[in-house]
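**Q** Okay, handing you the structure first.
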Amino acid sequence: MKKSLILIVIFSIVILGCKEANKQSEKEIIKKDIIKKDIDVKKIAKKEIPKDLLNQKLVGLVIKNTKETDVNKKYWVDFAASCMCDSPSIYINKKTNKLIIFNYCDNGTPPNNLEQSFEYVIYKFESDDKDLSVFSKDENDNDLVLIFSEISNSKIYNLKVIGKFPNDYVGNTLNKFFITKSNLKNLKKEDCGGFDG
Amino acid sequence: MVLKVIFLFVCTIKITLFTQFFTIYDEFFGLNHPDGYKNYDYTKNEKNSATFGYRRNPGMRIHAARDLYYEIDEPIYAIANGVVKRIKAFYWDTWVIEIEHEHQHVKGHNIMVRYGEVNKNGVLVKVGDKVVRGQEIAKIGLLKKNGRFIKQPGSDKRGMLHIEIYTGEESGSLFGRSSVKYSDMSYATSSNYSSGRSFKRRKDLIDPLPLLKKMLISSKKEGLIE
């Protein structure tokens, strides 16, 4: 009886020890992963902030014609944004350090009078002449990092997202390409005339 | 000859079973994709573009329907018995079918249903036809404009059934009602009205969701859909 009891105790210690060791290694893996991600982000992020991305509406674009070399003809505001109101727009407010995500169809003038929007507090900018990384958190401390990279001096930016981008109310079709509202006038958008759906 | 007899026998059994379903559950017929497509759950409250009351064309319109995403050319069924009242071009190479159904949402009035964005070459009924619940009336269309197709979410070539329901209390055209203000609507509401938008539809428009839910329940009971 005593022997069995001793065996059970030894067995339990071994099992618990293994679990502890596993937990430890899991923690190390997560830690390494976080460090790796941090390094990855820093690789992208560099010096100054490209000012045209700040304090104005950024509108999502899609490629209309892959063969076109003129960027003003290559990209446009498509049906999803223009007619279905299914595409989010972005506003990076440098004055208040807020990142605002809202619907392309919103009638308000950002950053004010938006109908439905998501706000993130920006805690860091990193950039060079062409790229901008915006590090932000929402009220629940969820991270959202947006990395804008300019496509060959076109004033059109490729967007990479780290974290969960919101889609309720603001639109499910998050586009890969963005342009500032001031440069949008050179591009075409889908004509919704006749659309009644 | 033998094959023909077997075929007719099978058809007779199918029709008999179908008729039995009608007598047991004389409600609505469910549509094929009741759970919505990805983030386009049409049962939500104004959260995504498939929902009733969502925004359309910046600053202009409020969505008057629930959008049920399908693959192109999937069948569209009559939700209840009724009579086809109107068939016309909708927009961008799709058509719309309007049917008065034998169901009263408001006592004394049959509902009117618009089945929109159907394939113009897949319309299987004509004006004046009587339809029965579960009858295939059309196929899902593809939006095309100036020779190109319009991308619907998640796929290069996806379609939808745009479904609008009216109580039938009013008369006249169901759509193109630019002069009908948001405040004129008898039932339809939306949190998106505040910027001067309106449904641009007849006053007796209702949110189709309660009836769509009923369809789902009755069709599941009957084993017509999973």
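Just so we're on the same page: first chain in the structure tokens is A, next is B, and so on; residues restart at 1 for each chain, and ligands are numbered from 1 in the order they show up.
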Which polymer residues have any atom within 8 Å of an atom of region 66-75 of chain B, counting only C-alpha atoms, with same-chain residues fewer than 3 positions away left out, as a ChimeraX atom specification?

**A** /B:32-34,36-37,42-43,50-52,63,119,122,136-142,157-164,207-209

**Q** Set out as JSON lines a contact list for chain B and chain A with a cut-off of 8 Å, giving each residue of chain B that qualifies its closest atom pair and distance in Å to one decimal, counting only C-alpha atoms, ordered by chain and rising residue number.

**A**
{"residue": "B:Asn39", "atom": "CA", "partner": "A:Asn172", "partner_atom": "CA", "distance": 6.9}
{"residue": "B:Glu46", "atom": "CA", "partner": "A:Tyr169", "partner_atom": "CA", "distance": 7.0}
{"residue": "B:Lys47", "atom": "CA", "partner": "A:Tyr169", "partner_atom": "CA", "distance": 4.7}
{"residue": "B:Asn48", "atom": "CA", "partner": "A:Tyr169", "partner_atom": "CA", "distance": 5.7}
{"residue": "B:Ser49", "atom": "CA", "partner": "A:Asp86", "partner_atom": "CA", "distance": 6.1}
{"residue": "B:Arg55", "atom": "CA", "partner": "A:Cys85", "partner_atom": "CA", "distance": 6.2}
{"residue": "B:Arg56", "atom": "CA", "partner": "A:Met84", "partner_atom": "CA", "distance": 5.3}
{"residue": "B:Asn57", "atom": "CA", "partner": "A:Cys83", "partner_atom": "CA", "distance": 4.4}
{"residue": "B:Pro58", "atom": "CA", "partner": "A:Cys105", "partner_atom": "CA", "distance": 4.6}
{"residue": "B:Gly59", "atom": "CA", "partner": "A:Asn107", "partner_atom": "CA", "distance": 6.3}
{"residue": "B:His63", "atom": "CA", "partner": "A:Gly197", "partner_atom": "CA", "distance": 7.1}
{"residue": "B:Ala64", "atom": "CA", "partner": "A:Gly197", "partner_atom": "CA", "distance": 7.8}
{"residue": "B:Ala65", "atom": "CA", "partner": "A:Gly197", "partner_atom": "CA", "distance": 7.7}
{"residue": "B:Phe90", "atom": "CA", "partner": "A:Asp196", "partner_atom": "CA", "distance": 7.6}
{"residue": "B:Tyr91", "atom": "CA", "partner": "A:Phe195", "partner_atom": "CA", "distance": 5.9}
{"residue": "B:Trp92", "atom": "CA", "partner": "A:Phe195", "partner_atom": "CA", "distance": 7.4}
{"residue": "B:Gly116", "atom": "CA", "partner": "A:Gly197", "partner_atom": "CA", "distance": 7.7}
{"residue": "B:Glu117", "atom": "CA", "partner": "A:Gly197", "partner_atom": "CA", "distance": 7.9}
{"residue": "B:Ile150", "atom": "CA", "partner": "A:Phe79", "partner_atom": "CA", "distance": 7.1}
{"residue": "B:Lys151", "atom": "CA", "partner": "A:Phe79", "partner_atom": "CA", "distance": 7.6}
{"residue": "B:Gln152", "atom": "CA", "partner": "A:Ala80", "partner_atom": "CA", "distance": 7.5}
{"residue": "B:Pro153", "atom": "CA", "partner": "A:Thr173", "partner_atom": "CA", "distance": 7.5}
{"residue": "B:His162", "atom": "CA", "partner": "A:Gly197", "partner_atom": "CA", "distance": 6.8}
{"residue": "B:Ser195", "atom": "CA", "partner": "A:Asn107", "partner_atom": "CA", "distance": 7.1}

**Q** Just N, CA and C atoms for this one: save the residues we selected as a short mmCIF file (atom, residue, chain, number, x, y, z; two decimals), in the first residue's frame.

**A**
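Resulting contents of selection09.cif:
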data_model
loop_
_atom_site.label_atom_id
_atom_site.label_comp_id
_atom_site.auth_asym_id
_atom_site.auth_seq_id
_atom_site.Cartn_x
_atom_site.Cartn_y
_atom_site.Cartn_z
N ASN B 39 -19.31 37.92 -43.80
CA ASN B 39 -19.68 39.02 -42.91
C ASN B 39 -20.95 39.72 -43.34
N GLU B 46 -28.59 46.72 -39.39
CA GLU B 46 -27.88 47.81 -40.09
C GLU B 46 -26.35 47.74 -39.95
N LYS B 47 -25.84 46.53 -39.70
CA LYS B 47 -24.39 46.41 -39.47
C LYS B 47 -23.58 46.25 -40.75
N ASN B 48 -24.18 45.67 -41.78
CA ASN B 48 -23.43 45.45 -43.02
C ASN B 48 -24.34 45.74 -44.22
N SER B 49 -23.75 45.75 -45.39
CA SER B 49 -24.48 46.25 -46.57
C SER B 49 -25.63 45.34 -47.00
N ARG B 55 -26.85 52.16 -45.40
CA ARG B 55 -26.68 53.27 -46.35
C ARG B 55 -26.42 52.78 -47.78
N ARG B 56 -26.87 53.57 -48.74
CA ARG B 56 -26.57 53.31 -50.14
C ARG B 56 -26.22 54.63 -50.82
N ASN B 57 -25.62 54.58 -51.97
CA ASN B 57 -25.20 55.75 -52.74
C ASN B 57 -25.04 56.97 -51.83
N PRO B 58 -23.83 57.38 -51.52
CA PRO B 58 -23.57 58.42 -50.52
C PRO B 58 -24.61 59.54 -50.47
N GLY B 59 -25.15 59.71 -49.29
CA GLY B 59 -26.05 60.85 -49.09
C GLY B 59 -27.40 60.75 -49.74
N HIS B 63 -31.17 51.46 -47.71
CA HIS B 63 -31.46 50.15 -48.31
C HIS B 63 -32.85 49.65 -47.91
N ALA B 64 -33.65 49.32 -48.90
CA ALA B 64 -35.05 48.94 -48.65
C ALA B 64 -35.26 47.43 -48.62
N ALA B 65 -34.16 46.67 -48.62
CA ALA B 65 -34.29 45.21 -48.75
C ALA B 65 -33.34 44.48 -47.80
N PHE B 90 -34.43 45.76 -63.92
CA PHE B 90 -34.12 46.37 -62.62
C PHE B 90 -32.96 47.34 -62.84
N TYR B 91 -31.77 46.84 -62.95
CA TYR B 91 -30.60 47.66 -63.29
C TYR B 91 -29.45 46.73 -63.66
N TRP B 92 -28.55 47.27 -64.45
CA TRP B 92 -27.29 46.62 -64.77
C TRP B 92 -27.45 45.14 -65.16
N GLY B 116 -35.53 41.00 -56.55
CA GLY B 116 -34.65 41.81 -57.40
C GLY B 116 -33.31 41.17 -57.70
N GLU B 117 -32.66 41.71 -58.73
CA GLU B 117 -31.35 41.25 -59.23
C GLU B 117 -31.41 39.82 -59.75
N ILE B 150 -19.92 43.43 -62.26
CA ILE B 150 -19.66 44.15 -61.02
C ILE B 150 -19.32 43.13 -59.94
N LYS B 151 -18.22 43.36 -59.26
CA LYS B 151 -17.80 42.41 -58.21
C LYS B 151 -18.70 42.54 -56.99
N GLN B 152 -19.23 41.38 -56.61
CA GLN B 152 -19.97 41.31 -55.35
C GLN B 152 -19.02 40.71 -54.33
N PRO B 153 -19.27 40.83 -53.04
CA PRO B 153 -18.25 40.49 -52.06
C PRO B 153 -17.76 39.05 -52.10
N HIS B 162 -32.20 40.33 -53.92
CA HIS B 162 -32.56 41.57 -53.22
C HIS B 162 -34.06 41.46 -52.97
N SER B 195 -29.32 62.03 -42.16
CA SER B 195 -28.64 62.96 -43.06
C SER B 195 -29.46 63.24 -44.30
#

**Q** Per DSSP on the backbone, filter region 52-153 of chain A down to the residues in strand (DSSP E or B) and report them as a VMD selection string.

**A** chain A and resid 57 to 63 75 to 77 88 to 93 98 to 103 117 to 127 131 to 137 143 to 150

**Q** Output the selection as an mmCIF file, in the first residue's frame - C-alpha atoms for each residue.

**A**
data_model
loop_
_atom_site.group_PDB
_atom_site.id
_atom_site.type_symbol
_atom_site.label_atom_id
_atom_site.label_comp_id
_atom_site.auth_asym_id
_atom_site.auth_seq_id
_atom_site.Cartn_x
_atom_site.Cartn_y
_atom_site.Cartn_z
ATOM 1 C CA LYS A 57 -9.753 61.524 -45.411
ATOM 2 C CA LEU A 58 -8.017 58.468 -46.862
ATOM 3 C CA VAL A 59 -10.132 56.589 -49.372
ATOM 4 C CA GLY A 60 -9.817 52.928 -50.368
ATOM 5 C CA LEU A 61 -9.143 52.071 -54.011
ATOM 6 C CA VAL A 62 -9.125 49.004 -56.202
ATOM 7 C CA ILE A 63 -7.289 48.265 -59.427
ATOM 8 C CA TYR A 75 -7.060 52.720 -59.777
ATOM 9 C CA TRP A 76 -10.565 53.862 -58.945
ATOM 10 C CA VAL A 77 -13.305 53.945 -56.298
ATOM 11 C CA PRO A 88 -14.000 51.835 -44.790
ATOM 12 C CA SER A 89 -12.182 55.158 -44.991
ATOM 13 C CA ILE A 90 -9.444 56.274 -42.596
ATOM 14 C CA TYR A 91 -8.482 59.554 -40.930
ATOM 15 C CA ILE A 92 -5.193 59.973 -39.084
ATOM 16 C CA ASN A 93 -5.543 62.937 -36.781
ATOM 17 C CA LYS A 98 -6.443 59.616 -32.997
ATOM 18 C CA LEU A 99 -6.937 57.078 -35.753
ATOM 19 C CA ILE A 100 -10.528 57.130 -36.994
ATOM 20 C CA ILE A 101 -12.164 54.486 -39.172
ATOM 21 C CA PHE A 102 -15.489 55.313 -40.793
ATOM 22 C CA ASN A 103 -17.709 54.571 -43.778
ATOM 23 C CA SER A 117 -16.867 55.494 -36.509
ATOM 24 C CA PHE A 118 -14.211 53.594 -34.575
ATOM 25 C CA GLU A 119 -11.559 55.547 -32.705
ATOM 26 C CA TYR A 120 -8.069 54.375 -31.777
ATOM 27 C CA VAL A 121 -5.479 56.218 -29.717
ATOM 28 C CA ILE A 122 -2.193 56.524 -31.606
ATOM 29 C CA TYR A 123 0.787 55.854 -29.368
ATOM 30 C CA LYS A 124 3.521 55.824 -31.973
ATOM 31 C CA PHE A 125 4.310 56.923 -35.528
ATOM 32 C CA GLU A 126 7.252 55.568 -37.442
ATOM 33 C CA SER A 127 8.098 56.500 -40.985
ATOM 34 C CA ASP A 131 6.145 54.742 -45.553
ATOM 35 C CA LEU A 132 4.110 55.455 -42.489
ATOM 36 C CA SER A 133 3.413 53.053 -39.641
ATOM 37 C CA VAL A 134 0.683 54.053 -37.232
ATOM 38 C CA PHE A 135 0.567 52.179 -33.933
ATOM 39 C CA SER A 136 -2.720 52.473 -32.108
ATOM 40 C CA LYS A 137 -4.950 50.913 -29.485
ATOM 41 C CA ASP A 143 -3.608 46.855 -30.996
ATOM 42 C CA LEU A 144 -4.128 48.019 -34.543
ATOM 43 C CA VAL A 145 -1.100 48.843 -36.671
ATOM 44 C CA LEU A 146 -1.543 50.363 -40.129
ATOM 45 C CA ILE A 147 1.453 50.464 -42.451
ATOM 46 C CA PHE A 148 1.136 52.676 -45.525
ATOM 47 C CA SER A 149 3.771 52.273 -48.255
ATOM 48 C CA GLU A 150 3.729 54.576 -51.254
#

**Q** Quote the spacing between CA of Ala89 (chain B) and CA of Lys189 (chain A) in Å to one decimal place.

**A**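 Computing the Euclidean distance for CA of Ala89 (chain B) and CA of Lys189 (chain A) yields 23.9 Å.
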
**Q** For CA of Gly108 (chain B) and CA of Leu211 (chain B), determine how far apart the two atoms are, in Å to one decimal place.

**A**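 These atoms are spaced 17.5 Å apart.
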
**Q** Mind listing the helix (DSSP H, G or I) residues of chain B, per DSSP on the backbone, as a VMD selection string?

**A** chain B and resid 2 to 24 57 to 60 182 to 184 191 to 195 209 to 221
